[in-house]
$ cat protein_0.cif   # mmCIF, C-alpha atoms
data_protein
loop_
_atom_site.label_atom_id
_atom_site.label_comp_id
_atom_site.auth_asym_id
_atom_site.auth_seq_id
_atom_site.Cartn_x
_atom_site.Cartn_y
_atom_site.Cartn_z
CA MET A 173 -17.56 -9.13 -1.86
CA ASN A 174 -19.56 -9.66 1.25
CA ASN A 175 -17.74 -7.91 4.07
CA THR A 176 -19.53 -5.50 6.38
CA ASN A 177 -16.26 -3.78 7.27
CA GLY A 178 -15.31 -3.07 3.67
CA TYR A 179 -11.86 -2.97 2.16
CA ILE A 180 -8.74 -1.61 3.83
CA ASP A 181 -6.63 0.34 1.35
CA ILE A 182 -3.08 0.19 2.73
CA HIS A 183 -1.41 2.41 0.09
CA ALA A 184 -2.94 5.80 -0.65
CA HIS A 185 -1.65 9.28 -1.44
CA ILE A 186 -4.88 10.93 -0.43
CA LEU A 187 -3.87 13.62 2.07
CA PRO A 188 -4.01 17.03 0.39
CA GLY A 189 -0.84 18.94 -0.40
CA VAL A 190 1.73 16.67 1.25
CA ASP A 191 3.26 14.86 -1.75
CA ASP A 192 2.51 14.13 -5.41
CA GLY A 193 -0.98 12.87 -4.55
CA SER A 194 -4.09 14.93 -3.89
CA ASP A 195 -3.65 18.65 -4.55
CA SER A 196 -6.47 19.95 -2.36
CA MET A 197 -9.08 19.05 0.22
CA GLU A 198 -11.66 19.20 -2.57
CA GLU A 199 -9.80 16.57 -4.58
CA THR A 200 -9.31 14.47 -1.46
CA LEU A 201 -13.05 14.50 -0.80
CA ARG A 202 -13.79 13.43 -4.36
CA MET A 203 -11.26 10.60 -3.95
CA LEU A 204 -12.93 9.60 -0.70
CA GLN A 205 -16.28 9.45 -2.47
CA ILE A 206 -14.77 7.13 -5.09
CA ALA A 207 -13.28 5.03 -2.27
CA LEU A 208 -16.71 4.63 -0.69
CA GLU A 209 -18.18 3.61 -4.04
CA GLN A 210 -15.39 1.02 -4.30
CA GLY A 211 -16.31 -0.47 -0.93
CA ILE A 212 -13.34 0.97 0.95
CA GLN A 213 -14.00 1.71 4.61
CA THR A 214 -10.47 2.13 5.99
CA ILE A 215 -7.60 3.97 4.32
CA ILE A 216 -4.01 4.08 5.52
CA ALA A 217 -2.72 7.35 4.07
CA THR A 218 0.90 6.79 3.06
CA PRO A 219 2.56 10.07 2.01
CA HIS A 220 6.06 9.73 0.60
CA PHE A 221 9.02 9.98 2.97
CA MET A 222 12.66 10.26 1.93
CA ALA A 223 15.32 10.53 4.62
CA GLY A 224 17.44 13.66 4.26
CA GLU A 225 14.80 15.46 2.21
CA LYS A 226 12.19 18.00 3.32
CA ASN A 227 9.28 15.90 4.54
CA PRO A 228 6.14 17.05 6.33
CA SER A 229 6.56 16.47 10.05
CA VAL A 230 4.55 13.80 11.83
CA GLU A 231 2.67 16.58 13.62
CA GLN A 232 1.75 18.21 10.32
CA LEU A 233 0.55 14.90 8.89
CA LEU A 234 -1.52 14.14 11.97
CA ASN A 235 -3.10 17.57 11.78
CA ILE A 236 -3.97 17.16 8.10
CA ARG A 237 -5.25 13.63 8.68
CA ASP A 238 -7.53 14.89 11.45
CA LYS A 239 -8.94 17.61 9.19
CA VAL A 240 -9.60 15.08 6.44
CA GLN A 241 -11.24 12.73 8.94
CA MET A 242 -13.61 15.50 10.02
CA GLU A 243 -14.65 16.00 6.41
CA ALA A 244 -14.82 12.25 5.80
CA ASP A 245 -17.24 11.89 8.71
CA LYS A 246 -19.66 14.10 6.79
CA LEU A 247 -19.53 11.68 3.85
CA ASN A 248 -19.76 8.50 5.89
CA LYS A 249 -19.29 8.03 9.63
CA GLY A 250 -17.81 4.59 9.00
CA LEU A 251 -14.96 5.83 6.81
CA LYS A 252 -11.71 5.75 8.77
CA LEU A 253 -8.36 7.34 7.90
CA LEU A 254 -5.16 6.05 9.47
CA LEU A 255 -1.60 7.22 8.91
CA GLY A 256 1.67 5.78 7.69
CA ASN A 257 4.41 6.60 5.18
CA GLU A 258 5.63 5.17 1.93
CA LEU A 259 9.32 5.05 2.76
CA PHE A 260 11.88 5.45 -0.01
CA TYR A 261 14.68 3.16 1.02
CA THR A 262 18.01 4.66 1.99
CA GLU A 263 20.52 3.47 4.57
CA SER A 264 19.11 6.11 6.94
CA ILE A 265 15.57 4.74 6.97
CA VAL A 266 15.88 2.67 10.15
CA HIS A 267 17.19 5.71 12.02
CA ALA A 268 14.27 7.80 10.66
CA LEU A 269 11.83 5.19 11.98
CA LYS A 270 13.51 4.77 15.35
CA SER A 271 13.68 8.53 15.85
CA LYS A 272 9.96 8.85 14.95
CA GLN A 273 10.65 11.08 11.95
CA ALA A 274 9.05 8.46 9.71
CA LEU A 275 5.89 6.49 10.36
CA THR A 276 5.05 2.82 10.45
CA MET A 277 1.68 1.67 9.13
CA ALA A 278 -1.09 2.75 11.52
CA GLY A 279 1.30 2.55 14.46
CA SER A 280 2.11 -1.12 13.82
CA LYS A 281 5.42 -2.87 13.16
CA TYR A 282 4.57 -2.94 9.44
CA VAL A 283 6.36 -0.46 7.17
CA LEU A 284 5.66 0.24 3.49
CA VAL A 285 8.94 0.51 1.55
CA GLU A 286 9.72 1.46 -2.03
CA PHE A 287 12.93 1.40 -4.01
CA ALA A 288 14.07 3.04 -7.23
CA VAL A 289 12.59 1.23 -10.24
CA ARG A 290 16.06 0.24 -11.49
CA GLU A 291 17.47 -0.67 -8.07
CA SER A 292 19.52 -3.85 -7.93
CA TYR A 293 18.08 -6.97 -6.35
CA GLU A 294 21.04 -7.07 -3.97
CA THR A 295 20.08 -3.66 -2.57
CA VAL A 296 16.41 -4.62 -2.23
CA PHE A 297 17.30 -7.85 -0.42
CA ARG A 298 19.83 -6.14 1.84
CA GLY A 299 17.51 -3.23 2.63
CA MET A 300 14.53 -5.39 3.51
CA GLY A 301 16.75 -7.60 5.64
CA GLU A 302 18.00 -4.55 7.51
CA LEU A 303 14.43 -3.53 8.36
CA ILE A 304 13.55 -7.06 9.50
CA ARG A 305 16.59 -7.21 11.78
CA ALA A 306 15.54 -3.84 13.24
CA GLY A 307 12.22 -5.37 14.29
CA TYR A 308 9.96 -4.17 11.49
CA ALA A 309 7.71 -6.11 9.12
CA PRO A 310 8.53 -4.56 5.73
CA ILE A 311 6.01 -4.51 2.90
CA LEU A 312 7.57 -4.07 -0.54
CA ALA A 313 5.42 -1.47 -2.32
CA HIS A 314 4.16 -2.12 -5.86
CA VAL A 315 6.32 -5.17 -6.57
CA GLU A 316 5.37 -5.10 -10.25
CA ARG A 317 7.45 -1.97 -10.90
CA TYR A 318 10.95 -3.22 -10.16
CA LEU A 319 12.97 -4.27 -13.16
CA CYS A 320 15.09 -6.66 -11.10
CA LEU A 321 11.95 -8.62 -10.10
CA HIS A 322 10.22 -8.69 -13.48
CA LYS A 323 9.41 -12.31 -14.36
CA ARG A 324 11.56 -13.40 -11.41
CA GLU A 325 9.20 -15.35 -9.20
CA ASP A 326 12.26 -17.04 -7.70
CA LEU A 327 13.62 -13.74 -6.37
CA ILE A 328 10.23 -12.60 -5.07
CA SER A 329 9.91 -15.96 -3.31
CA GLU A 330 13.35 -15.43 -1.79
CA LEU A 331 12.21 -12.08 -0.38
CA VAL A 332 9.10 -13.70 1.08
CA LYS A 333 11.23 -16.40 2.72
CA LEU A 334 13.41 -13.63 4.16
CA GLY A 335 10.35 -12.26 5.94
CA CYS A 336 9.12 -9.58 3.55
CA TYR A 337 5.53 -8.96 2.59
CA ILE A 338 4.60 -8.06 -0.96
CA GLN A 339 2.12 -5.39 -2.10
CA MET A 340 0.75 -4.96 -5.60
CA ASN A 341 -1.24 -2.05 -7.01
CA SER A 342 -4.88 -2.75 -7.79
CA SER A 343 -4.71 -1.17 -11.25
CA SER A 344 -1.94 -3.61 -12.22
CA LEU A 345 -4.35 -6.53 -11.93
CA MET A 346 -6.96 -5.32 -14.37
CA GLY A 347 -6.87 -6.19 -18.04
CA GLY A 348 -7.69 -9.06 -20.38
CA LEU A 349 -5.53 -11.76 -21.94
CA PHE A 350 -3.88 -9.25 -24.25
CA ASN A 351 -2.62 -7.25 -21.28
CA THR A 352 0.50 -9.32 -20.69
CA GLU A 353 1.55 -7.40 -17.57
CA ALA A 354 -1.83 -7.95 -15.90
CA VAL A 355 -1.59 -11.66 -16.75
CA LEU A 356 1.87 -11.84 -15.15
CA ASN A 357 0.67 -9.98 -12.08
CA ARG A 358 -2.33 -12.26 -11.61
CA LYS A 359 0.07 -15.21 -11.90
CA LEU A 360 2.01 -13.85 -8.91
CA ILE A 361 -1.26 -13.68 -6.99
CA ASN A 362 -2.08 -17.29 -7.82
CA GLN A 363 1.40 -18.38 -6.78
CA GLY A 364 0.82 -16.93 -3.31
CA LEU A 365 3.57 -14.35 -3.71
CA VAL A 366 1.41 -11.28 -3.00
CA HIS A 367 0.12 -10.49 0.49
CA PHE A 368 -1.57 -7.12 -0.02
CA VAL A 369 -3.27 -5.14 -2.76
CA GLY A 370 -3.45 -1.37 -2.39
CA SER A 371 -4.74 1.28 -4.74
CA ASP A 372 -1.68 3.59 -4.59
CA CYS A 373 -4.23 6.26 -5.48
CA HIS A 374 -2.93 9.73 -6.32
CA ASP A 375 -5.89 11.55 -7.85
CA GLU A 376 -9.57 11.37 -8.78
CA LYS A 377 -9.26 10.57 -12.49
CA VAL A 378 -6.38 8.26 -13.42
CA ARG A 379 -4.89 6.80 -10.23
CA ILE A 380 -8.07 6.33 -8.23
CA PRO A 381 -8.84 4.19 -5.15
CA ASN A 382 -10.19 1.26 -7.17
CA MET A 383 -10.14 -1.78 -4.90
CA ASN A 384 -13.47 -3.43 -5.75
CA SER A 385 -12.86 -3.28 -9.49
CA ALA A 386 -9.57 -5.15 -9.02
CA ALA A 387 -11.15 -7.71 -6.69
CA LYS A 388 -13.88 -8.43 -9.24
CA ALA A 389 -11.26 -8.88 -11.97
CA LEU A 390 -9.34 -11.33 -9.79
CA HIS A 391 -12.42 -13.36 -8.93
CA LYS A 392 -12.52 -14.44 -12.57
CA LYS A 393 -8.96 -15.79 -12.40
CA CYS A 394 -8.30 -16.81 -8.79
CA GLU A 395 -9.85 -18.83 -5.99
CA VAL A 396 -12.31 -16.86 -3.88
CA GLU A 397 -10.48 -17.75 -0.66
CA LEU A 398 -7.21 -16.36 -2.00
CA VAL A 399 -8.78 -13.08 -3.13
CA ASN A 400 -10.54 -12.66 0.21
CA LYS A 401 -7.31 -13.34 2.08
CA ILE A 402 -5.37 -10.67 0.19
CA PHE A 403 -8.11 -8.03 0.02
CA LEU A 404 -9.88 -8.54 3.33
CA ASP A 405 -8.07 -10.73 5.84
CA ASN A 406 -4.39 -9.81 5.54
CA PRO A 407 -4.87 -6.02 5.92
CA ILE A 408 -6.58 -6.61 9.26
CA ASN A 409 -3.27 -7.97 10.56
CA ILE A 410 -1.74 -4.54 10.02
CA LEU A 411 -4.45 -2.86 12.07
CA GLU A 412 -4.12 -5.52 14.79
CA ASN A 413 -0.30 -5.43 14.59
CA THR A 414 -0.04 -9.20 14.20
CA TYR A 415 2.02 -11.27 11.75
CA LEU A 416 0.25 -12.95 8.84
#

$ encode --input "protein_0.cif" --output "structure tokens"
Amino acid sequence: MNNTNGYIDIHAHILPGVDDGSDSMEETLRMLQIALEQGIQTIIATPHFMAGEKNPSVEQLLNIRDKVQMEADKLNKGLKLLLGNELFYTESIVHALKSKQALTMAGSKYVLVEFAVRESYETVFRGMGELIRAGYAPILAHVERYLCLHKREDLISELVKLGCYIQMNSSSLMGGLFNTEAVLNRKLINQGLVHFVGSDCHDEKVRIPNMNSAAKALHKKCEVELVNKIFLDNPINILENTYL
């Protein structure tokens, strides 16, 4: 893809030692090298946050982010790390955001939200609506995981009409015709029901920051303009804090 600014990976567990992602600064640096090879130039680090649990403080995360940025500068001066959280939804999440215990995406009104895999659709709909009414622009993380939304384009469309944005993991888009899940996921892309693709990277071997590989796979199945919108244009709205 021809974009001098590179990809923006909006979902990444790349900060060392803060959640179930990178274990060390060394692993983080190897992940950053992979990200550069994949054409990624901006990463929003999104460590897990669960209200009521022991989470790293915002100050701790900022400190770790700054240390990673210093090391990243040695790899490539153009590589930028921003900060957010992947928020596990509970009824306390709005309070955690308002009280600045939890982070929005790169200081914007966008928030990345996940639910339990077996959560009911009613809870997902109600929870996302609660965040919208509180003034946030919620992004549903890895939409392909939720059992209540599997093969339910009608329900995903209902969430979009509510005001939600939908994120899919890059690895979920790769695979041939015999990979039925990848086929279903690419169908959601073509139906315009996905706004963002993020790597959801956790390590340097299995769950890597693989944005360009996914974009190339989609180019074979989707219109170029649609792929560019999801991979390149939409993420800029997060950084500029503007609605899509």

$ resolve_selection --input "protein_0.cif" --expression "the PyMOL selection byres ((chain A and resi 285) around 8)" --output "PyMOL selection string"
chain A and resi 258-261+283-284+286-287+310-313

$ closest_residue --input "protein_0.cif" --among "A:Leu404, A:Ile410, A:Val355, A:Cys373" --to "Asn341 of chain A" --atoms "all atoms listed in the file"
A:Cys373

$ atom_distance --input "protein_0.cif" --atom1 "atom CA of Asn413 of chain A" --atom2 "atom CA of Ser280 of chain A"
5.0 Å

$ resolve_selection --input "protein_0.cif" --expression "the PyMOL selection byres ((chain A and resi 291) around 12)" --output "PyMOL selection string"
chain A and resi 260-262+286-290+292-299+317-321

$ residues_around --input "protein_0.cif" --residues "Val230 of chain A" --least-positions-apart "4" --cutoff "9 Å" --atoms "all atoms listed in the file" --output "number ranges by chain"
A: 234-235, 272-275

$ resolve_selection --input "protein_0.cif" --expression "the PyMOL selection byres ((chain A and resi 378-395) around 9)" --output "PyMOL selection string"
chain A and resi 173+179-181+184+203-204+206-207+209-212+342-347+358+361-362+369-377+396-400+403

$ closest_residue --input "protein_0.cif" --among "A:Arg202, A:Lys323, A:His220, A:Lys270" --to "Gly189 of chain A" --atoms "all atoms listed in the file"
A:His220

$ closest_residue --input "protein_0.cif" --among "A:Ile215, A:Ser264, A:Leu365, A:Gly307" --to "Lys333 of chain A" --atoms "all atoms listed in the file"
A:Leu365

$ axis_aligned_box --input "protein_0.cif" --around "segment 236-243 of chain A" --padding-each-side "8 Å" --output "lines of an AutoDock Vina configuration file"
center_x = -9.3
center_y = 15.2
center_z = 8.9
size_x = 26.7
size_y = 20.9
size_z = 21.0

$ build_atoms --input "protein_0.cif" --residues "segment 272-298 of chain A" --atoms "N, CA and C atoms" --output "PDB file, in the frame of the given file"
ATOM      1  N   LYS A 272      11.352   8.403  15.123  1.00  0.00           N
ATOM      2  CA  LYS A 272       9.960   8.850  14.950  1.00  0.00           C
ATOM      3  C   LYS A 272       9.800   9.968  13.919  1.00  0.00           C
ATOM      4  N   GLN A 273      10.808  10.128  13.049  1.00  0.00           N
ATOM      5  CA  GLN A 273      10.650  11.080  11.950  1.00  0.00           C
ATOM      6  C   GLN A 273       9.757  10.492  10.860  1.00  0.00           C
ATOM      7  N   ALA A 274       9.843   9.180  10.697  1.00  0.00           N
ATOM      8  CA  ALA A 274       9.050   8.460   9.710  1.00  0.00           C
ATOM      9  C   ALA A 274       8.070   7.548  10.425  1.00  0.00           C
ATOM     10  N   LEU A 275       6.986   7.223   9.737  1.00  0.00           N
ATOM     11  CA  LEU A 275       5.890   6.490  10.360  1.00  0.00           C
ATOM     12  C   LEU A 275       5.798   5.051   9.879  1.00  0.00           C
ATOM     13  N   THR A 276       5.459   4.178  10.805  1.00  0.00           N
ATOM     14  CA  THR A 276       5.050   2.820  10.450  1.00  0.00           C
ATOM     15  C   THR A 276       3.591   2.870  10.004  1.00  0.00           C
ATOM     16  N   MET A 277       3.054   1.741   9.610  1.00  0.00           N
ATOM     17  CA  MET A 277       1.680   1.670   9.130  1.00  0.00           C
ATOM     18  C   MET A 277       0.698   1.618  10.293  1.00  0.00           C
ATOM     19  N   ALA A 278      -0.048   2.681  10.482  1.00  0.00           N
ATOM     20  CA  ALA A 278      -1.090   2.750  11.520  1.00  0.00           C
ATOM     21  C   ALA A 278      -0.548   2.385  12.899  1.00  0.00           C
ATOM     22  N   GLY A 279       0.694   2.782  13.151  1.00  0.00           N
ATOM     23  CA  GLY A 279       1.300   2.550  14.460  1.00  0.00           C
ATOM     24  C   GLY A 279       1.745   1.118  14.710  1.00  0.00           C
ATOM     25  N   SER A 280       1.738   0.288  13.676  1.00  0.00           N
ATOM     26  CA  SER A 280       2.110  -1.120  13.820  1.00  0.00           C
ATOM     27  C   SER A 280       3.597  -1.306  13.560  1.00  0.00           C
ATOM     28  N   LYS A 281       4.030  -2.571  13.520  1.00  0.00           N
ATOM     29  CA  LYS A 281       5.420  -2.870  13.160  1.00  0.00           C
ATOM     30  C   LYS A 281       5.608  -2.943  11.648  1.00  0.00           C
ATOM     31  N   TYR A 282       4.494  -2.896  10.896  1.00  0.00           N
ATOM     32  CA  TYR A 282       4.570  -2.940   9.440  1.00  0.00           C
ATOM     33  C   TYR A 282       5.051  -1.604   8.881  1.00  0.00           C
ATOM     34  N   VAL A 283       5.907  -1.665   7.859  1.00  0.00           N
ATOM     35  CA  VAL A 283       6.360  -0.460   7.170  1.00  0.00           C
ATOM     36  C   VAL A 283       6.254  -0.698   5.659  1.00  0.00           C
ATOM     37  N   LEU A 284       5.793   0.317   4.942  1.00  0.00           N
ATOM     38  CA  LEU A 284       5.660   0.240   3.490  1.00  0.00           C
ATOM     39  C   LEU A 284       6.902   0.871   2.867  1.00  0.00           C
ATOM     40  N   VAL A 285       7.617   0.097   2.042  1.00  0.00           N
ATOM     41  CA  VAL A 285       8.940   0.510   1.550  1.00  0.00           C
ATOM     42  C   VAL A 285       8.974   0.430   0.032  1.00  0.00           C
ATOM     43  N   GLU A 286       9.506   1.484  -0.583  1.00  0.00           N
ATOM     44  CA  GLU A 286       9.720   1.460  -2.030  1.00  0.00           C
ATOM     45  C   GLU A 286      11.194   1.683  -2.338  1.00  0.00           C
ATOM     46  N   PHE A 287      11.569   1.232  -3.519  1.00  0.00           N
ATOM     47  CA  PHE A 287      12.930   1.400  -4.010  1.00  0.00           C
ATOM     48  C   PHE A 287      12.870   2.063  -5.384  1.00  0.00           C
ATOM     49  N   ALA A 288      14.006   2.526  -5.863  1.00  0.00           N
ATOM     50  CA  ALA A 288      14.070   3.040  -7.230  1.00  0.00           C
ATOM     51  C   ALA A 288      13.727   1.900  -8.193  1.00  0.00           C
ATOM     52  N   VAL A 289      13.061   2.242  -9.277  1.00  0.00           N
ATOM     53  CA  VAL A 289      12.590   1.230 -10.240  1.00  0.00           C
ATOM     54  C   VAL A 289      13.741   0.372 -10.747  1.00  0.00           C
ATOM     55  N   ARG A 290      14.908   0.976 -10.942  1.00  0.00           N
ATOM     56  CA  ARG A 290      16.060   0.240 -11.490  1.00  0.00           C
ATOM     57  C   ARG A 290      17.034  -0.224 -10.401  1.00  0.00           C
ATOM     58  N   GLU A 291      16.588  -0.233  -9.160  1.00  0.00           N
ATOM     59  CA  GLU A 291      17.470  -0.670  -8.070  1.00  0.00           C
ATOM     60  C   GLU A 291      17.876  -2.131  -8.266  1.00  0.00           C
ATOM     61  N   SER A 292      19.046  -2.475  -7.806  1.00  0.00           N
ATOM     62  CA  SER A 292      19.520  -3.850  -7.930  1.00  0.00           C
ATOM     63  C   SER A 292      18.802  -4.743  -6.924  1.00  0.00           C
ATOM     64  N   TYR A 293      18.704  -6.011  -7.268  1.00  0.00           N
ATOM     65  CA  TYR A 293      18.080  -6.970  -6.350  1.00  0.00           C
ATOM     66  C   TYR A 293      18.889  -7.060  -5.052  1.00  0.00           C
ATOM     67  N   GLU A 294      20.194  -6.978  -5.162  1.00  0.00           N
ATOM     68  CA  GLU A 294      21.040  -7.070  -3.970  1.00  0.00           C
ATOM     69  C   GLU A 294      20.698  -5.979  -2.964  1.00  0.00           C
ATOM     70  N   THR A 295      20.430  -4.762  -3.467  1.00  0.00           N
ATOM     71  CA  THR A 295      20.080  -3.660  -2.570  1.00  0.00           C
ATOM     72  C   THR A 295      18.705  -3.876  -1.956  1.00  0.00           C
ATOM     73  N   VAL A 296      17.751  -4.342  -2.751  1.00  0.00           N
ATOM     74  CA  VAL A 296      16.410  -4.620  -2.230  1.00  0.00           C
ATOM     75  C   VAL A 296      16.486  -5.671  -1.127  1.00  0.00           C
ATOM     76  N   PHE A 297      17.185  -6.763  -1.400  1.00  0.00           N
ATOM     77  CA  PHE A 297      17.300  -7.850  -0.420  1.00  0.00           C
ATOM     78  C   PHE A 297      17.994  -7.367   0.854  1.00  0.00           C
ATOM     79  N   ARG A 298      19.079  -6.634   0.681  1.00  0.00           N
ATOM     80  CA  ARG A 298      19.830  -6.140   1.840  1.00  0.00           C
ATOM     81  C   ARG A 298      18.991  -5.148   2.648  1.00  0.00           C
TER      82      ARG A 298
END
